[in-house]
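Comments concern the structure below.
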There are 2 protein chains.
Amino acid sequence: MAMRHHDLTDPAAAETAGPVTGEALAGYLRAQATEFLRALRLHRETGGWGNGAEGSADAARALRRSARRITGSLHTYRPLLDADWSEEIRPELAWLSGTLAMEHAYEARLERLLTALQRLSGATPVPARSESLPGATATAHTTLATGARTTGTARAPRTTATAPATPATTATATTATTTASAPPGTPAHPTAPPDRGNLTVGAAKAGALLERQLTLARTRAHSTALQALGSSRFHAVADKVALLASEVPLTAGAATTDLRPLAAAAEERLTDAVAALPLVTAGHPYNAEALVHGLSPEPAPHPQDAPWHQVRLLLRLHRYAREVLHAGPEPVEVRLLQAGQALDRHRDASEAAAAAAQAARTPRIAPATAYALGVLHADQRHEVEAARYAFQRCWQKDRKERAGTG
Amino acid sequence: MAMRHHDLTDPAAAETAGPVTGEALAGYLRAQATEFLRALRLHRETGGWGNGAEGSADAARALRRSARRITGSLHTYRPLLDADWSEEIRPELAWLSGTLAMEHAYEARLERLLTALQRLSGATPVPARSESLPGATATAHTTLATGARTTGTARAPRTTATAPATPATTATATTATTTASAPPGTPAHPTAPPDRGNLTVGAAKAGALLERQLTLARTRAHSTALQALGSSRFHAVADKVALLASEVPLTAGAATTDLRPLAAAAEERLTDAVAALPLVTAGHPYNAEALVHGLSPEPAPHPQDAPWHQVRLLLRLHRYAREVLHAGPEPVEVRLLQAGQALDRHRDASEAAAAAAQAARTPRIAPATAYALGVLHADQRHEVEAARYAFQRCWQKDRKERAGTG
């Protein structure tokens, strides 16, 4: 475990490797630019975004991945790079990766919300009780299942994502495979049966509403991405990256400048931002903090989430800064990965909660639909709280281990 | 700490005190019967339930308190008591304490739900944003505050009940004292301002709806309690308790029978029931278990809560059984009290969540109201989960301490 926390931004620890200078940065940027060009070629070979092939989604992911790493490095190691060039390319790469990210984000958000609705609807109907209204329950389940299929992504029967796999949990969360028996043409809007079935129909309607809204948003994001990739703005940035793959515009002194103080500064910005987080509160389970303002009149984003989103970005910059220092293959930094995953989950749940709240403002929805969206919103806000708790655990644990081994 | 866990149901530990026999049981029952009669006299002196005086609420609580202890002891120490007599009085006392409990339960439930709604509405409006619609926010807060006043209970500005008192938490949870400036005659149904204010108005309407429904239920419970206390059935049970205060119908062998094996059996029933609880899941924060079935078509009660409610009752029986063994003043058993409080909170949150779900089934409510009730329901289900976590911590901690000190 101590090996994993071997800190490369610590000058003493990196002594054996000798100084890391602008050459390493140039090598890293060239490699990332090459990755970018490869992803672009892959994207063209798979026929572009138009046919929605799996390969082109991979290509988009790879494009974003390298674009993020280039912009991140330009930011952290700014003093070593030609300022004018850097100022010019950075916003363009940020625009590109931002534009390409949207479609996937909407798709993932819908997936997350439909999965949550399915869990909240009770995977298996309670035997003695569902008998009183078996039709309503079956219809609701079917609708959700059908909805899941039409988006073209595989939605496996769910087991609670955040629950530990204890026998008790698994027993309750096992999903009935009603999907198999559902007729393919089941309409998305079953007529509401009276009385007790209301709320589950509400969940089905909420799912259908979210599906409509987020699918529309995703389609628009797709068109925007397509337009972006065909634009002269994109071709200009692609040309710049092509140049970068062979020639990195370093400053005169870059070849002898040590990168590590700059990497250490990036780490410090991260630790400072983490120190400003309400980690003591986050470390108390069920602190109910994330749902404060849960019914406030303001739509997304939630102001209390912003510092966490900021830490997520700083953590990423720190990770990329470390990659530059490592000429060879990156060592697995478990704690950074886990902390990053917790913050990704925080961001995703925060945005999903906002989408549920937003959907509840749709005019003329049924009360049962609104109720389901309220439950869903609160559920996702608790996911936000859970993600903060997970981040806190991961971060403090690491500090304790460092104190113990270092 | 080790002193507190000195176990009186453990024969070895109680050796110095000598055997505890039927005499102790008779003494305890006489004392509880005397308490019962004193509470009844107090109730009559304070003018009965009719005028709703504070003293008569205390009297009702004291009546229930002794009635529960008598029935509990009759249950645990059944073999030492005249069977016919015991069979006759037990259901009557249970009926009485059950009937008297309802009014307070509805009142507490409303209190809990309105407090939660206030927290979820955001105690202090977010400054930069509330400016866009100050009227809507103020109206909503006012309505809730007015609602709180009309029930005649003091609702102090809230600080998050489950949150630890860290600076960060307190800062966010400080409640604006809009109550002071609210005009007394503010109507319970403000007209809905359009757009962004929707959801907060939803919270206000949800509060008003819950208030109507639970106040009605409380009023009915009050009438039922009044009727019960004037009934011949009540007079019969009061006469029986009066007899019990002087003469406890023990069996022939009771005077020499050791109570401790019976108390140990009560403890064993408790530990068995606790062992059957999903404590591993409950011990993982944010396991999201309590909200599974959150949108299921079935109204209260939640089937997964039943084993916890059962443990709550068994814990109470265990506590009363211990009281009998203690002739003198009962030592403070911190862990039993804490575990009991966690289970009380579990029960209260479970019933409050059900009340919110039930209110959402009211015909013709606005979508914003239904949304707020959905958020409220989920919030209370998370309270359920939090209470399970608290119980688990308290229980396991005690076991570890016992293992360490014993």
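In the structure tokens, each chain is lettered A, B, ... as it comes, each chain's residues begin at 1, and ligands are numbered from 1 in order of appearance.
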Leaving out Ala254 in chain B and any residue of its chain fewer than 4 positions from it, which residues lie within 7 Å of it when counting only C-alpha atoms, given as a PyMOL selection string? chain B and resi 21-22+80+250
Can you write out the residues you just picked, keeping N, CA and C atoms, as an mmCIF file, in the first residue's frame?
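out-v1.cif written:
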```cif
data_model
loop_
_atom_site.group_PDB
_atom_site.id
_atom_site.type_symbol
_atom_site.label_atom_id
_atom_site.label_comp_id
_atom_site.auth_asym_id
_atom_site.auth_seq_id
_atom_site.Cartn_x
_atom_site.Cartn_y
_atom_site.Cartn_z
ATOM 1 N N THR B 21 -37.395 -13.004 43.367
ATOM 2 C CA THR B 21 -38.538 -13.905 43.242
ATOM 3 C C THR B 21 -39.827 -13.143 42.948
ATOM 4 N N GLY B 22 -40.925 -13.866 43.039
ATOM 5 C CA GLY B 22 -42.242 -13.307 42.784
ATOM 6 C C GLY B 22 -42.569 -12.103 43.646
ATOM 7 N N LEU B 80 -45.742 -16.770 36.705
ATOM 8 C CA LEU B 80 -45.864 -16.488 38.139
ATOM 9 C C LEU B 80 -47.223 -15.900 38.512
ATOM 10 N N LEU B 250 -50.563 -13.690 42.521
ATOM 11 C CA LEU B 250 -49.451 -14.577 42.180
ATOM 12 C C LEU B 250 -49.894 -16.031 42.256
#
```
Per-residue nearest contacts range 197-267 of chain A to range 349-368 of chain A, cut-off 9 Å, using only C-alpha atoms, as a tab-separated table:
```
residue	atom	partner	partner_atom	distance
A:Asn198	CA	A:Ala368	CA	6.2
A:Leu199	CA	A:Ala368	CA	5.5
A:Thr200	CA	A:Ala368	CA	8.2
A:Val201	CA	A:Ala368	CA	7.3
A:Gly202	CA	A:Ala368	CA	4.4
A:Ala203	CA	A:Ala368	CA	7.7
A:Lys205	CA	A:Ala368	CA	8.3
A:Ala206	CA	A:Ala359	CA	8.2
A:Leu209	CA	A:Ala359	CA	7.2
A:Leu210	CA	A:Ala359	CA	6.6
A:Gln213	CA	A:Ala359	CA	7.7
A:Leu214	CA	A:Ala355	CA	8.4
```
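Taking CA of Asp84 in chain A and CA of Arg312 in chain A as the two end points, the separation is 27.7 Å.
Using only C-alpha atoms, the contacts of Tyr28 in chain B at a cut-off of 9 Å, with sequence neighbours closer than 6 positions omitted, comprise Ile70, Ser73, Glu323, Val324, Leu325 and Ala327 of chain B.
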re CA of Gly283 in chain A and CA of Leu295 in chain A: distance 24.0 Å
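Here the question is which of A:Ser121, A:Ala221, A:His318, A:Leu262 gets nearest to chain B using only C-alpha atoms, and that residue is A:Ser121.
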Sel. of helix (DSSP H, G or I) residues, range 185-268 of chain A, as a PyMOL selection string: chain A and resi 195-230+232-244+254-256+260-268
Interatomic distance between CA of Ala288 in chain A and CA of Gly374 in chain B?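 We find that CA of Ala288 in chain A and CA of Gly374 in chain B lie 16.1 Å from each other.
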What lies within 6 Å of range 30-45 of chain B using only C-alpha atoms, ignoring chain neighbours under 3 positions off, as a ChimeraX atom specification? /B:27,48,56,59,62-63,66,241,245
Selection from above, C-alpha atoms, as a tab-separated table (two decimals), in the first residue's frame, can you write it?
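Saved as result20.tsv:
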```tsv
chain	number	residue	atom	x	y	z
B	27	GLY	CA	-43.84	-5.06	44.43
B	48	GLY	CA	-60.00	15.70	31.94
B	56	SER	CA	-53.92	16.25	31.32
B	59	ALA	CA	-51.54	12.47	32.92
B	62	ALA	CA	-48.25	8.64	32.77
B	63	LEU	CA	-51.31	6.41	32.34
B	66	SER	CA	-47.71	2.45	33.70
B	241	VAL	CA	-55.82	-1.91	38.47
B	245	ALA	CA	-52.38	-1.93	43.73
```
Residue nearest chain B among A:Ser231, A:Gly122, A:Val311, A:Val334 (counting only C-alpha atoms):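 Smallest separation from chain B among the options: A:Gly122.
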Residues within 8 Å of Thr251 in chain B, please, as a list in words. Count only C-alpha atoms; anything in the same chain fewer than 2 positions from it doesn't count. Pro79, Leu80, Leu81, Asp82, Pro249, Gly253 and Ala254 of chain B
So that I have them on file, write out the residues from the current selection with N, CA, C and O atoms, as an mmCIF file, in the first residue's frame.
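So selection27.cif came out as:
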```
data_model
loop_
_atom_site.group_PDB
_atom_site.id
_atom_site.type_symbol
_atom_site.label_atom_id
_atom_site.label_comp_id
_atom_site.auth_asym_id
_atom_site.auth_seq_id
_atom_site.Cartn_x
_atom_site.Cartn_y
_atom_site.Cartn_z
ATOM 1 N N PRO B 79 -45.717 -17.031 33.947
ATOM 2 C CA PRO B 79 -45.873 -18.246 34.763
ATOM 3 C C PRO B 79 -46.091 -17.974 36.250
ATOM 4 O O PRO B 79 -46.565 -18.843 36.967
ATOM 5 N N LEU B 80 -45.742 -16.770 36.705
ATOM 6 C CA LEU B 80 -45.864 -16.488 38.139
ATOM 7 C C LEU B 80 -47.223 -15.900 38.512
ATOM 8 O O LEU B 80 -47.484 -15.655 39.688
ATOM 9 N N LEU B 81 -48.046 -15.645 37.502
ATOM 10 C CA LEU B 81 -49.298 -14.936 37.770
ATOM 11 C C LEU B 81 -50.516 -15.799 37.461
ATOM 12 O O LEU B 81 -50.452 -16.680 36.597
ATOM 13 N N ASP B 82 -51.569 -15.527 38.146
ATOM 14 C CA ASP B 82 -52.836 -16.228 37.919
ATOM 15 C C ASP B 82 -53.225 -16.077 36.441
ATOM 16 O O ASP B 82 -53.390 -14.955 35.942
ATOM 17 N N PRO B 249 -52.285 -11.104 42.136
ATOM 18 C CA PRO B 249 -52.658 -12.527 42.109
ATOM 19 C C PRO B 249 -51.527 -13.420 41.623
ATOM 20 O O PRO B 249 -51.503 -13.847 40.466
ATOM 21 N N GLY B 253 -46.514 -21.065 43.701
ATOM 22 C CA GLY B 253 -45.058 -21.199 43.814
ATOM 23 C C GLY B 253 -44.292 -19.926 43.531
ATOM 24 O O GLY B 253 -43.051 -19.919 43.566
ATOM 25 N N ALA B 254 -44.971 -18.840 43.243
ATOM 26 C CA ALA B 254 -44.294 -17.623 42.771
ATOM 27 C C ALA B 254 -43.287 -17.072 43.779
ATOM 28 O O ALA B 254 -42.229 -16.558 43.400
#
```
Nearest residue to chain B from the set A:Pro278, A:Pro307, A:Gly207, A:Gly340 (distances using only C-alpha atoms): A:Pro278
Give me the residues within 12 Å of Pro285 in chain B as a PyMOL selection string, counting only C-alpha atoms and dropping any in the same chain fewer than 6 places off. (chain A and resi 162-164+282-287+382-383+385-390+393) or (chain B and resi 279+382-383+385-390+392-393)
